[in-house]
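Structure file final-v9.csv (CSV, C-alpha atoms) is printed below.
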```csv
chain,number,residue,atom,x,y,z
I,82,MET,CA,0.0,0.0,0.0
I,83,THR,CA,1.4,3.4,-1.0
I,84,THR,CA,0.0,6.8,-0.5
I,85,GLU,CA,1.4,10.3,-0.6
I,86,MET,CA,-0.6,11.1,2.5
I,87,ARG,CA,0.9,8.3,4.5
I,88,VAL,CA,2.2,9.2,7.9
I,89,ALA,CA,4.5,7.4,10.3
I,90,ARG,CA,2.7,4.9,12.5
I,91,TRP,CA,3.1,7.0,15.7
I,92,LEU,CA,3.0,10.5,14.1
I,93,VAL,CA,-0.8,11.0,14.6
I,94,PRO,CA,-0.8,10.1,18.3
I,95,ALA,CA,2.4,12.1,18.9
I,96,VAL,CA,0.9,15.1,17.1
I,97,GLY,CA,-2.3,14.6,19.1
I,98,LEU,CA,-0.5,14.6,22.4
I,99,ALA,CA,1.5,17.7,21.3
I,100,LEU,CA,-1.6,19.5,20.2
I,101,GLY,CA,-3.3,18.6,23.5
I,102,LEU,CA,-0.5,20.2,25.4
I,103,LEU,CA,-0.6,23.3,23.2
I,104,THR,CA,-4.3,23.5,23.7
I,105,ALA,CA,-4.0,23.2,27.4
I,106,ALA,CA,-1.3,25.9,27.4
I,107,ALA,CA,-3.5,28.2,25.3
I,108,THR,CA,-6.4,27.6,27.7
I,109,LEU,CA,-4.2,28.5,30.6
I,110,GLY,CA,-3.1,31.6,28.7
I,111,ARG,CA,-6.6,32.8,28.6
I,112,ASP,CA,-6.6,32.8,32.4
I,113,ALA,CA,-8.8,29.7,32.5
I,114,SER,CA,-8.6,27.3,35.4
I,115,PRO,CA,-6.2,24.3,35.5
I,116,VAL,CA,-9.3,22.0,35.3
I,117,GLN,CA,-10.4,23.6,32.0
I,118,ALA,CA,-6.9,23.2,30.7
I,119,LEU,CA,-6.9,19.6,31.7
I,120,ILE,CA,-10.2,19.0,30.0
I,121,ALA,CA,-8.9,20.7,26.8
I,122,PHE,CA,-5.8,18.4,26.9
I,123,ALA,CA,-8.0,15.4,27.5
I,124,VAL,CA,-10.3,16.1,24.6
I,125,VAL,CA,-7.5,16.6,22.1
I,126,ALA,CA,-5.1,13.9,23.3
I,127,GLY,CA,-8.0,11.5,24.1
I,128,TYR,CA,-9.1,11.7,20.5
I,129,SER,CA,-5.7,10.8,19.2
I,130,LEU,CA,-5.3,7.9,21.7
I,131,ALA,CA,-8.8,6.7,20.8
I,132,LEU,CA,-7.8,6.5,17.2
I,133,LEU,CA,-4.6,4.6,18.2
I,134,ALA,CA,-6.7,2.1,20.1
I,135,LEU,CA,-9.4,1.6,17.5
I,136,ARG,CA,-7.4,1.7,14.2
I,137,SER,CA,-6.7,-2.0,14.1
I,138,ARG,CA,-10.5,-2.7,14.5
I,139,SER,CA,-12.1,0.1,12.5
I,140,ASP,CA,-11.5,1.1,8.9
I,141,VAL,CA,-12.7,4.6,9.7
I,142,ALA,CA,-10.3,5.0,12.6
I,143,SER,CA,-7.5,3.7,10.5
I,144,VAL,CA,-8.2,6.4,7.8
I,145,LEU,CA,-8.5,9.1,10.5
I,146,SER,CA,-5.1,7.9,11.8
I,147,GLY,CA,-3.6,8.6,8.4
I,148,LEU,CA,-3.2,4.8,7.6
I,149,PRO,CA,-5.9,3.8,5.2
I,150,ARG,CA,-6.3,0.1,5.2
I,151,ASP,CA,-6.3,-0.4,1.4
I,152,GLU,CA,-6.5,1.5,-1.9
I,153,ARG,CA,-10.3,1.8,-1.7
I,154,TRP,CA,-10.1,3.5,1.7
I,155,GLU,CA,-7.3,5.8,0.3
I,156,ALA,CA,-9.7,6.8,-2.5
I,157,ILE,CA,-12.5,7.4,0.0
I,158,ASN,CA,-10.2,9.5,2.1
I,159,LEU,CA,-9.1,11.6,-0.8
I,160,ARG,CA,-12.7,12.2,-2.0
I,161,ALA,CA,-13.8,13.1,1.6
I,162,LEU,CA,-10.9,15.5,1.8
I,163,GLY,CA,-11.9,17.1,-1.5
I,164,LEU,CA,-15.5,17.5,-0.3
I,165,ALA,CA,-14.4,19.0,3.0
I,166,ALA,CA,-12.1,21.4,1.1
I,167,GLN,CA,-15.0,22.6,-1.1
I,168,VAL,CA,-17.2,23.1,1.9
I,169,ILE,CA,-14.5,25.1,3.7
I,170,ALA,CA,-14.0,27.2,0.6
I,171,VAL,CA,-17.7,28.1,0.5
I,172,VAL,CA,-17.9,28.7,4.2
I,173,LEU,CA,-14.8,31.0,4.0
I,174,LEU,CA,-16.2,33.0,1.2
I,175,ALA,CA,-19.5,33.3,3.0
I,176,ALA,CA,-17.8,34.4,6.2
I,177,TYR,CA,-15.7,37.0,4.3
I,178,LEU,CA,-18.8,38.4,2.6
I,179,VAL,CA,-20.9,38.5,5.9
I,180,ALA,CA,-18.0,40.1,7.8
I,181,SER,CA,-17.6,42.7,5.0
I,182,PHE,CA,-21.2,43.6,4.7
I,183,ALA,CA,-21.7,43.7,8.5
I,184,GLY,CA,-18.9,46.1,8.9
I,185,GLY,CA,-16.6,43.7,10.6
I,186,ASP,CA,-13.0,42.7,9.8
I,187,PRO,CA,-12.9,40.2,7.0
I,188,THR,CA,-9.1,40.0,7.0
I,189,PRO,CA,-8.7,36.7,8.9
I,190,TYR,CA,-11.1,35.0,6.4
I,191,ALA,CA,-9.2,36.6,3.5
I,192,TRP,CA,-5.8,35.4,4.7
I,193,THR,CA,-7.2,31.9,5.3
I,194,GLY,CA,-8.6,31.9,1.8
I,195,VAL,CA,-5.2,33.0,0.5
I,196,VAL,CA,-3.5,30.1,2.3
I,197,PHE,CA,-6.2,27.7,0.9
I,198,ALA,CA,-5.7,28.9,-2.6
I,199,LEU,CA,-1.9,28.7,-2.5
I,200,ALA,CA,-2.1,25.2,-1.0
I,201,TYR,CA,-4.5,24.1,-3.8
I,202,LEU,CA,-2.5,25.7,-6.6
I,203,GLY,CA,0.7,24.4,-5.1
I,204,GLY,CA,-0.8,20.9,-5.0
I,205,ILE,CA,-1.8,21.1,-8.7
I,206,ALA,CA,1.7,22.2,-9.7
I,207,TRP,CA,3.4,19.6,-7.6
I,208,TYR,CA,1.3,16.6,-8.6
I,209,ARG,CA,1.2,17.8,-12.2
I,210,VAL,CA,5.0,17.4,-12.3
I,211,ARG,CA,5.0,14.1,-10.4
I,212,SER,CA,2.3,12.3,-12.2
O,125,MET,CA,-15.0,-12.9,-8.4
O,126,ARG,CA,-17.8,-14.0,-6.0
O,127,ARG,CA,-18.1,-17.3,-7.9
O,128,LEU,CA,-14.4,-18.0,-7.8
O,129,ARG,CA,-14.3,-17.2,-4.1
O,130,GLU,CA,-17.2,-19.5,-3.3
O,131,GLU,CA,-15.6,-22.3,-5.4
O,132,ARG,CA,-12.7,-22.1,-3.1
O,133,GLY,CA,-14.9,-22.1,0.0
O,134,LEU,CA,-13.6,-18.7,1.2
O,135,SER,CA,-15.5,-16.1,3.0
O,136,GLN,CA,-15.1,-12.4,2.0
O,137,GLY,CA,-13.1,-11.9,5.2
O,138,GLN,CA,-10.7,-14.7,4.3
O,139,LEU,CA,-10.2,-13.5,0.8
O,140,ALA,CA,-9.7,-10.0,2.1
O,141,THR,CA,-6.9,-11.3,4.3
O,142,GLU,CA,-5.3,-13.1,1.4
O,143,LEU,CA,-5.4,-10.0,-0.8
O,144,ARG,CA,-4.5,-7.7,2.1
O,145,VAL,CA,-7.5,-5.5,1.7
O,146,SER,CA,-10.6,-4.9,3.9
O,147,ARG,CA,-13.6,-7.2,3.8
O,148,GLN,CA,-15.7,-4.2,2.7
O,149,THR,CA,-13.4,-3.7,-0.3
O,150,VAL,CA,-13.9,-7.4,-1.4
O,151,ASN,CA,-17.7,-6.9,-1.0
O,152,ALA,CA,-17.5,-3.6,-3.0
O,153,ILE,CA,-15.6,-5.3,-5.8
O,154,GLU,CA,-18.0,-8.3,-6.0
O,155,THR,CA,-21.0,-6.0,-6.1
O,156,GLY,CA,-19.5,-3.8,-8.8
O,157,ARG,CA,-19.4,-0.7,-6.6
O,158,TYR,CA,-15.6,-0.4,-6.7
O,159,LEU,CA,-13.2,-0.9,-9.5
O,160,PRO,CA,-9.8,-2.1,-8.3
O,161,SER,CA,-6.6,-0.6,-9.5
O,162,LEU,CA,-4.5,-2.5,-12.0
O,163,PRO,CA,-2.1,-3.8,-9.4
O,164,LEU,CA,-4.9,-5.1,-7.2
O,165,ALA,CA,-6.7,-6.6,-10.2
O,166,PHE,CA,-3.5,-8.4,-11.2
O,167,THR,CA,-3.1,-9.6,-7.6
O,168,ILE,CA,-6.7,-11.0,-7.7
O,169,ALA,CA,-6.1,-12.7,-11.0
O,170,ARG,CA,-2.9,-14.2,-9.9
O,171,TYR,CA,-4.5,-15.4,-6.7
O,172,PHE,CA,-7.3,-17.2,-8.6
O,173,GLY,CA,-4.9,-18.4,-11.3
O,174,ARG,CA,-7.2,-16.9,-14.0
O,175,PRO,CA,-6.7,-14.3,-16.8
O,176,LEU,CA,-7.6,-10.8,-15.9
O,177,GLU,CA,-10.3,-10.7,-18.6
O,178,GLU,CA,-12.1,-13.7,-17.1
O,179,ILE,CA,-12.6,-11.9,-13.8
O,180,PHE,CA,-13.1,-8.3,-14.8
O,181,HIS,CA,-15.3,-7.3,-17.7
O,182,ASP,CA,-15.5,-4.1,-19.8
O,183,ASP,CA,-18.6,-3.0,-18.0
O,184,GLY,CA,-16.6,-2.8,-14.8
O,185,ASP,CA,-18.5,-5.6,-13.0
O,186,ALA,CA,-16.4,-8.3,-11.3
O,187,ARG,CA,-18.7,-11.1,-12.2
O,188,GLY,CA,-16.1,-13.9,-12.3
```

For this file, write the structure as structure tokens.
Amino acid sequence: MTTEMRVARWLVPAVGLALGLLTAAATLGRDASPVQALIAFAVVAGYSLALLALRSRSDVASVLSGLPRDERWEAINLRALGLAAQVIAVVLLAAYLVASFAGGDPTPYAWTGVVFALAYLGGIAWYRVRS
Amino acid sequence: MRRLREERGLSQGQLATELRVSRQTVNAIETGRYLPSLPLAFTIARYFGRPLEEIFHDDGDARG
């Protein structure tokens, strides 16, 4: 099984734990209580550990862990990512327009849209050369 | 592919283990919902010892 999206076996849980710690730190930075920080850590890290525990038994958990079980699940994962990207693009555009018309600051949505566009165009350029 | 599998007395899960794919993938191939890649199609053909054309038809259904 090969996939360009393949990650190391322990990368997802390691990233999950790291993100959990960062989330807890950010929560504490907002002057929240240690209990809230602990809950934030538990949610993020717990999700990663749950995937680690379930991925040998569940095709969905395996995909979410970055290790699709076979080529069909790789294809499902790629199509789902494409669908999610299209939804995000529409939501970003809507948020930008709503913020603009409501007199708010649309800049964060604009910058996120720029990153999205650059990633997409970069992906086209990259895979066009490689395939 | 279902007929060949049943001739050998294999369950979908057993065949999936032999082919190193999930049971749902075997089911999807047998019901025509999923077209395997060429490498996987060749693997299936080699496993059953049959030509590729006997297992996979032009209309995309794995009716072998």

Can you check which residues of chain I have any atom within 9 Å of chain O? Use all atoms listed in the file and format it as a VMD selection string. chain I and resid 140 150 to 154

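Point (-6.6, 11.8, 4.2) has the following residues at most 7 Å away: Met86, Val144, Gly147, Asn158, Leu159 and Leu162 of chain I (atoms considered: only C-alpha atoms).
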
- Message: Report as a PyMOL selection string all protein, DNA and RNA residues lying within 12 Å of region 132-135 of chain O, evaluated on only C-alpha atoms, omitting residues in the same chain fewer than 2 positions from it.
- Response: chain O and resi 125-130+137-142+147-148+150-151+171-173

- Could you work out how far CA of Ala123 (chain I) lies from CA of Thr104 (chain I), giving the answer in Å with one decimal?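 So the answer is 9.7 Å.
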
Expressed in Å, the length from CA of Tyr208 (chain I) to CA of Ser143 (chain I) is 24.7 Å

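As for CA of Val172 (chain I) and CA of Trp192 (chain I), they are spaced 13.8 Å apart.
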
For a cutoff of 8 Å around the file-coordinate point (-12.4, 27.6, 1.2), which residues qualify once you count only C-alpha atoms? I'd like the result as a ChimeraX atom specification.
/I:166-174,193-194,197-198
